[in-house]
>>> print(open('target.cif').read())   # mmCIF, C-alpha atoms and all ligand atoms; chains and numbers go by the auth columns
data_my_file
#
loop_
_atom_site.group_PDB
_atom_site.id
_atom_site.type_symbol
_atom_site.label_atom_id
_atom_site.label_comp_id
_atom_site.label_asym_id
_atom_site.label_seq_id
_atom_site.Cartn_x
_atom_site.Cartn_y
_atom_site.Cartn_z
_atom_site.B_iso_or_equiv
_atom_site.auth_seq_id
_atom_site.auth_asym_id
ATOM 1 C CA MET A 1 49.335 -16.565 -28.074 0.00 185 A
ATOM 2 C CA THR A 2 52.378 -14.527 -29.075 0.00 186 A
ATOM 3 C CA GLU A 3 52.968 -10.994 -27.839 0.00 187 A
ATOM 4 C CA MET A 4 52.129 -9.732 -31.320 0.00 188 A
ATOM 5 C CA GLU A 5 48.793 -11.569 -31.335 0.00 189 A
ATOM 6 C CA PHE A 6 48.060 -10.267 -27.870 0.00 190 A
ATOM 7 C CA LYS A 7 48.685 -6.682 -29.020 0.00 191 A
ATOM 8 C CA GLU A 8 46.444 -7.164 -32.034 0.00 192 A
ATOM 9 C CA LYS A 9 43.705 -8.392 -29.758 0.00 193 A
ATOM 10 C CA LEU A 10 44.153 -5.409 -27.491 0.00 194 A
ATOM 11 C CA SER A 11 43.560 -3.092 -30.436 0.00 195 A
ATOM 12 C CA LYS A 12 40.430 -5.065 -31.347 0.00 196 A
ATOM 13 C CA LEU A 13 39.362 -4.580 -27.768 0.00 197 A
ATOM 14 C CA GLU A 14 39.534 -0.814 -28.328 0.00 198 A
ATOM 15 C CA SER A 15 36.909 -1.057 -31.043 0.00 199 A
ATOM 16 C CA ILE A 16 34.735 -3.345 -28.909 0.00 200 A
ATOM 17 C CA ILE A 17 34.840 -0.799 -26.108 0.00 201 A
ATOM 18 C CA ASN A 18 34.112 2.096 -28.472 0.00 202 A
ATOM 19 C CA GLU A 19 31.146 0.266 -29.906 0.00 203 A
ATOM 20 C CA HIS A 20 29.505 -0.125 -26.510 0.00 204 A
ATOM 21 C CA LYS A 21 30.895 2.882 -24.690 0.00 205 A
ATOM 22 C CA ASN A 22 27.837 5.090 -24.687 0.00 206 A
ATOM 23 C CA GLN A 23 25.376 2.356 -24.059 0.00 207 A
ATOM 24 C CA GLN A 24 23.724 1.574 -20.719 0.00 208 A
ATOM 25 C CA GLY A 25 25.076 -1.577 -19.095 0.00 209 A
ATOM 26 C CA ALA A 26 28.069 -1.704 -21.428 0.00 210 A
ATOM 27 C CA LEU A 27 30.140 -3.835 -19.061 0.00 211 A
ATOM 28 C CA MET A 28 28.500 -7.229 -19.721 0.00 212 A
ATOM 29 C CA PRO A 29 28.617 -7.116 -23.524 0.00 213 A
ATOM 30 C CA VAL A 30 32.189 -5.808 -23.404 0.00 214 A
ATOM 31 C CA LEU A 31 33.282 -8.574 -21.017 0.00 215 A
ATOM 32 C CA ASN A 32 31.501 -11.195 -23.127 0.00 216 A
ATOM 33 C CA GLU A 33 33.269 -10.085 -26.272 0.00 217 A
ATOM 34 C CA THR A 34 36.594 -9.798 -24.450 0.00 218 A
ATOM 35 C CA GLN A 35 36.260 -13.354 -23.137 0.00 219 A
ATOM 36 C CA GLU A 36 35.520 -14.525 -26.663 0.00 220 A
ATOM 37 C CA LEU A 37 38.410 -12.568 -28.145 0.00 221 A
ATOM 38 C CA PHE A 38 41.161 -13.708 -25.743 0.00 222 A
ATOM 39 C CA GLY A 39 39.606 -16.895 -24.369 0.00 223 A
ATOM 40 C CA TYR A 40 39.846 -15.288 -20.907 0.00 224 A
ATOM 41 C CA LEU A 41 39.915 -11.820 -19.342 0.00 225 A
ATOM 42 C CA PRO A 42 43.552 -10.712 -19.193 0.00 226 A
ATOM 43 C CA GLU A 43 44.409 -8.127 -16.550 0.00 227 A
ATOM 44 C CA GLU A 44 45.616 -5.681 -19.184 0.00 228 A
ATOM 45 C CA ALA A 45 42.219 -5.902 -20.885 0.00 229 A
ATOM 46 C CA GLN A 46 40.418 -5.412 -17.575 0.00 230 A
ATOM 47 C CA LYS A 47 42.496 -2.271 -16.964 0.00 231 A
ATOM 48 C CA ARG A 48 41.545 -0.785 -20.315 0.00 232 A
ATOM 49 C CA ILE A 49 37.882 -1.592 -19.799 0.00 233 A
ATOM 50 C CA SER A 50 38.059 -0.030 -16.349 0.00 234 A
ATOM 51 C CA GLU A 51 39.610 3.186 -17.696 0.00 235 A
ATOM 52 C CA GLU A 52 37.435 3.532 -20.774 0.00 236 A
ATOM 53 C CA LEU A 53 34.115 2.685 -19.153 0.00 237 A
ATOM 54 C CA ASP A 54 35.022 4.372 -15.888 0.00 238 A
ATOM 55 C CA ILE A 55 34.205 1.270 -13.863 0.00 239 A
ATOM 56 C CA SER A 56 36.446 0.230 -10.969 0.00 240 A
ATOM 57 C CA MET A 57 38.706 -2.808 -11.272 0.00 241 A
ATOM 58 C CA ALA A 58 36.984 -4.188 -8.150 0.00 242 A
ATOM 59 C CA GLU A 59 33.598 -4.094 -9.852 0.00 243 A
ATOM 60 C CA ILE A 60 34.959 -5.769 -12.975 0.00 244 A
ATOM 61 C CA TYR A 61 36.609 -8.439 -10.838 0.00 245 A
ATOM 62 C CA GLY A 62 33.307 -8.977 -9.004 0.00 246 A
ATOM 63 C CA VAL A 63 31.396 -9.534 -12.243 0.00 247 A
ATOM 64 C CA ALA A 64 34.169 -11.637 -13.780 0.00 248 A
ATOM 65 C CA THR A 65 34.279 -14.013 -10.831 0.00 249 A
ATOM 66 C CA PHE A 66 30.495 -14.201 -10.354 0.00 250 A
ATOM 67 C CA TYR A 67 29.653 -15.587 -13.799 0.00 251 A
ATOM 68 C CA SER A 68 31.205 -18.921 -14.643 0.00 252 A
ATOM 69 C CA ARG A 69 31.466 -18.083 -18.345 0.00 253 A
ATOM 70 C CA PHE A 70 34.258 -15.655 -17.539 0.00 254 A
ATOM 71 C CA THR A 71 37.742 -16.857 -16.701 0.00 255 A
ATOM 72 C CA LEU A 72 40.662 -14.829 -15.398 0.00 256 A
ATOM 73 C CA LYS A 73 43.284 -17.234 -16.665 0.00 257 A
ATOM 74 C CA PRO A 74 43.651 -18.827 -20.079 0.00 258 A
ATOM 75 C CA ARG A 75 41.773 -22.111 -20.292 0.00 259 A
ATOM 76 C CA GLY A 76 43.649 -25.352 -20.616 0.00 260 A
ATOM 77 C CA LYS A 77 43.832 -27.258 -23.880 0.00 261 A
ATOM 78 C CA HIS A 78 41.217 -29.697 -22.543 0.00 262 A
ATOM 79 C CA THR A 79 38.323 -28.742 -20.312 0.00 263 A
ATOM 80 C CA ILE A 80 37.314 -31.518 -17.947 0.00 264 A
ATOM 81 C CA GLY A 81 33.743 -31.180 -16.749 0.00 265 A
ATOM 82 C CA VAL A 82 32.143 -33.150 -13.956 0.00 266 A
ATOM 83 C CA CYS A 83 28.394 -32.904 -13.733 0.00 267 A
ATOM 84 C CA LEU A 84 27.179 -32.123 -10.248 0.00 268 A
ATOM 85 C CA GLY A 85 23.502 -32.136 -11.242 0.00 269 A
ATOM 86 C CA THR A 86 21.155 -34.146 -9.007 0.00 270 A
ATOM 87 C CA ALA A 87 21.275 -37.469 -10.884 0.00 271 A
ATOM 88 C CA CYS A 88 25.073 -37.402 -11.026 0.00 272 A
ATOM 89 C CA TYR A 89 25.433 -36.092 -7.511 0.00 273 A
ATOM 90 C CA VAL A 90 23.489 -38.978 -5.979 0.00 274 A
ATOM 91 C CA LYS A 91 25.715 -41.361 -7.932 0.00 275 A
ATOM 92 C CA ASN A 92 28.854 -40.016 -6.243 0.00 276 A
ATOM 93 C CA ALA A 93 29.977 -37.381 -8.740 0.00 277 A
ATOM 94 C CA GLN A 94 31.714 -35.662 -5.838 0.00 278 A
ATOM 95 C CA GLU A 95 34.050 -38.632 -5.502 0.00 279 A
ATOM 96 C CA ILE A 96 34.847 -38.390 -9.208 0.00 280 A
ATOM 97 C CA ILE A 97 35.721 -34.739 -8.949 0.00 281 A
ATOM 98 C CA ASP A 98 37.818 -35.376 -5.823 0.00 282 A
ATOM 99 C CA ARG A 99 39.757 -38.050 -7.684 0.00 283 A
ATOM 100 C CA ILE A 100 40.395 -35.728 -10.639 0.00 284 A
ATOM 101 C CA LYS A 101 41.569 -32.982 -8.286 0.00 285 A
ATOM 102 C CA LYS A 102 44.065 -35.394 -6.759 0.00 286 A
ATOM 103 C CA GLU A 103 45.163 -36.643 -10.139 0.00 287 A
ATOM 104 C CA ILE A 104 45.885 -33.285 -11.781 0.00 288 A
ATOM 105 C CA LYS A 105 46.392 -31.290 -8.561 0.00 289 A
ATOM 106 C CA ILE A 106 43.983 -28.425 -9.211 0.00 290 A
ATOM 107 C CA SER A 107 40.580 -27.412 -7.885 0.00 291 A
ATOM 108 C CA ALA A 108 37.433 -26.767 -9.879 0.00 292 A
ATOM 109 C CA GLY A 109 37.745 -23.534 -11.847 0.00 293 A
ATOM 110 C CA GLU A 110 41.528 -23.850 -12.140 0.00 294 A
ATOM 111 C CA THR A 111 43.937 -24.707 -14.937 0.00 295 A
ATOM 112 C CA THR A 112 47.020 -26.893 -14.599 0.00 296 A
ATOM 113 C CA ASP A 113 50.387 -25.095 -14.815 0.00 297 A
ATOM 114 C CA ASP A 114 51.245 -26.936 -18.025 0.00 298 A
ATOM 115 C CA GLY A 115 48.086 -25.495 -19.620 0.00 299 A
ATOM 116 C CA LEU A 116 46.741 -28.944 -20.443 0.00 300 A
ATOM 117 C CA PHE A 117 43.589 -29.135 -18.317 0.00 301 A
ATOM 118 C CA THR A 118 40.940 -26.857 -16.881 0.00 302 A
ATOM 119 C CA LEU A 119 38.586 -28.462 -14.385 0.00 303 A
ATOM 120 C CA GLU A 120 34.959 -27.426 -14.065 0.00 304 A
ATOM 121 C CA ALA A 121 32.000 -28.575 -12.028 0.00 305 A
ATOM 122 C CA THR A 122 28.968 -28.292 -14.295 0.00 306 A
ATOM 123 C CA ARG A 123 25.201 -28.439 -14.037 0.00 307 A
ATOM 124 C CA CYS A 124 23.159 -31.208 -15.641 0.00 308 A
ATOM 125 C CA ILE A 125 24.356 -31.749 -19.201 0.00 309 A
ATOM 126 C CA GLY A 126 21.315 -33.810 -20.163 0.00 310 A
ATOM 127 C CA CYS A 127 22.845 -37.303 -20.011 0.00 311 A
ATOM 128 C CA CYS A 128 21.347 -38.239 -16.622 0.00 312 A
ATOM 129 C CA GLY A 129 20.858 -41.858 -17.768 0.00 313 A
ATOM 130 C CA LEU A 130 24.665 -42.096 -17.861 0.00 314 A
ATOM 131 C CA ALA A 131 25.199 -40.658 -14.370 0.00 315 A
ATOM 132 C CA PRO A 132 27.760 -39.978 -13.082 0.00 316 A
ATOM 133 C CA VAL A 133 29.098 -38.156 -16.120 0.00 317 A
ATOM 134 C CA MET A 134 32.492 -36.658 -16.845 0.00 318 A
ATOM 135 C CA THR A 135 33.370 -34.810 -20.054 0.00 319 A
ATOM 136 C CA VAL A 136 36.686 -33.946 -21.620 0.00 320 A
ATOM 137 C CA GLY A 137 36.096 -31.379 -24.339 0.00 321 A
ATOM 138 C CA GLU A 138 33.356 -32.916 -26.490 0.00 322 A
ATOM 139 C CA ASP A 139 33.947 -36.466 -25.228 0.00 323 A
ATOM 140 C CA VAL A 140 31.415 -37.824 -22.741 0.00 324 A
ATOM 141 C CA TYR A 141 32.234 -40.585 -20.236 0.00 325 A
ATOM 142 C CA GLY A 142 29.254 -42.062 -18.408 0.00 326 A
ATOM 143 C CA LYS A 143 28.633 -44.467 -15.544 0.00 327 A
ATOM 144 C CA ILE A 144 32.169 -44.004 -14.355 0.00 328 A
ATOM 145 C CA VAL A 145 33.746 -44.839 -11.008 0.00 329 A
ATOM 146 C CA PRO A 146 36.656 -42.948 -9.427 0.00 330 A
ATOM 147 C CA GLU A 147 39.041 -45.719 -10.517 0.00 331 A
ATOM 148 C CA ASP A 148 38.320 -44.861 -14.193 0.00 332 A
ATOM 149 C CA VAL A 149 39.610 -41.330 -13.842 0.00 333 A
ATOM 150 C CA THR A 150 43.326 -42.088 -14.190 0.00 334 A
ATOM 151 C CA ASP A 151 42.912 -43.905 -17.511 0.00 335 A
ATOM 152 C CA ILE A 152 40.584 -41.267 -18.937 0.00 336 A
ATOM 153 C CA ILE A 153 42.998 -38.469 -18.097 0.00 337 A
ATOM 154 C CA LYS A 154 45.951 -40.424 -19.499 0.00 338 A
ATOM 155 C CA LYS A 155 44.329 -40.439 -22.927 0.00 339 A
ATOM 156 C CA TYR A 156 44.745 -36.680 -23.124 0.00 340 A
ATOM 157 C CA GLN A 157 48.212 -36.451 -21.657 0.00 341 A
ATOM 158 C CA GLY A 158 50.076 -38.047 -24.539 0.00 342 A
HETATM 159 S S1 LIG B . 22.502 -34.695 -13.606 0.00 401 B
HETATM 160 FE FE1 LIG B . 24.348 -35.153 -14.568 0.00 401 B
HETATM 161 S S2 LIG B . 23.793 -35.351 -16.616 0.00 401 B
HETATM 162 FE FE2 LIG B . 21.959 -34.809 -15.654 0.00 401 B
#
>>> encode(input="target.cif", output="structure tokens")
Amino acid sequence: MTEMEFKEKLSKLESIINEHKNQQGALMPVLNETQELFGYLPEEAQKRISEELDISMAEIYGVATFYSRFTLKPRGKHTIGVCLGTACYVKNAQEIIDRIKKEIKISAGETTDDGLFTLEATRCIGCCGLAPVMTVGEDVYGKIVPEDVTDIIKKYQG
């Protein structure tokens, strides 16, 4: 996003804050809408929320890191999800995630420096018959083994 776009979003944030300002428990709806607006919770936005709602930065950080729907950094172009639900877990999903971590050199919850991938460990996504399951954006890869990871990732690197 350009600096101009960022500034425009910051002014939209002002109206989001004003809309919720006098309401009890304003923080969650404001953070939700901020996440939607920017795609993450930029520090500048957190500062404004902190000032306007009179909530400490520490409290905002606590909420932002507790709920997985909030991210403090922009998400990558592709989100890689590895299901760690029971069915996938017993079929070695942990090995899949370890292989991905090695391959793109980030941990779960992080984004690669080139902005291409964000890695997430997820709960059951309802495809247990395909366990272990890995997703890249909307694409679902089932019954995979760690050796498949390199080729799957390659498809999105070009
Ligand atoms: S446990 Fe992984 S899809 Fe259900």
>>> axis_aligned_box(input="target.cif", around="ligand LIG 401 (chain B)", padding_each_side="6 Å", output="lines of an AutoDock Vina configuration file")
center_x = 23.2
center_y = -35.0
center_z = -15.1
size_x = 14.4
size_y = 12.7
size_z = 15.0
>>> resolve_selection(input="target.cif", expression="the PyMOL selection byres (((not hetatm)) within 7 of (chain B and resi 401))", output="PDB file with C-alpha atoms, in the coordinates of the input")
ATOM      1  CA  CYS A 267      28.394 -32.904 -13.733  1.00  0.00           C
ATOM      2  CA  LEU A 268      27.179 -32.123 -10.248  1.00  0.00           C
ATOM      3  CA  GLY A 269      23.502 -32.136 -11.242  1.00  0.00           C
ATOM      4  CA  THR A 270      21.155 -34.146  -9.007  1.00  0.00           C
ATOM      5  CA  ALA A 271      21.275 -37.469 -10.884  1.00  0.00           C
ATOM      6  CA  CYS A 272      25.073 -37.402 -11.026  1.00  0.00           C
ATOM      7  CA  TYR A 273      25.433 -36.092  -7.511  1.00  0.00           C
ATOM      8  CA  ARG A 307      25.201 -28.439 -14.037  1.00  0.00           C
ATOM      9  CA  CYS A 308      23.159 -31.208 -15.641  1.00  0.00           C
ATOM     10  CA  ILE A 309      24.356 -31.749 -19.201  1.00  0.00           C
ATOM     11  CA  GLY A 310      21.315 -33.810 -20.163  1.00  0.00           C
ATOM     12  CA  CYS A 311      22.845 -37.303 -20.011  1.00  0.00           C
ATOM     13  CA  CYS A 312      21.347 -38.239 -16.622  1.00  0.00           C
ATOM     14  CA  LEU A 314      24.665 -42.096 -17.861  1.00  0.00           C
ATOM     15  CA  ALA A 315      25.199 -40.658 -14.370  1.00  0.00           C
ATOM     16  CA  PRO A 316      27.760 -39.978 -13.082  1.00  0.00           C
ATOM     17  CA  VAL A 317      29.098 -38.156 -16.120  1.00  0.00           C
TER      18      VAL A 317
END
>>> residues_around(input="target.cif", residues="Glu304 of chain A", least_positions_apart="3", cutoff="8 Å", atoms="all atoms listed in the file", output="list in words")
Thr263, Ile264, Gly265, Val266, Ala292, Gly293 and Glu294 of chain A
>>> resolve_selection(input="target.cif", expression="the PyMOL selection byres (((chain A and resi 303) around 12) and not hetatm)", output="VMD selection string")
chain A and resid 255 259 to 267 280 to 296 299 to 302 304 to 306 318 to 321 337
>>> resolve_selection(input="target.cif", expression="the PyMOL selection byres (((chain A and resi 201) around 8) and not hetatm)", output="list in words")
Leu197, Glu198, Ser199, Ile200, Asn202, Glu203, His204, Lys205, Val214, Ile233, Glu236 and Leu237 of chain A
>>> closest_residue(input="target.cif", among="A:Met185, A:Ala277, A:Leu225, A:Ala248", to="Lys327 of chain A", atoms="only C-alpha atoms")
A:Ala277
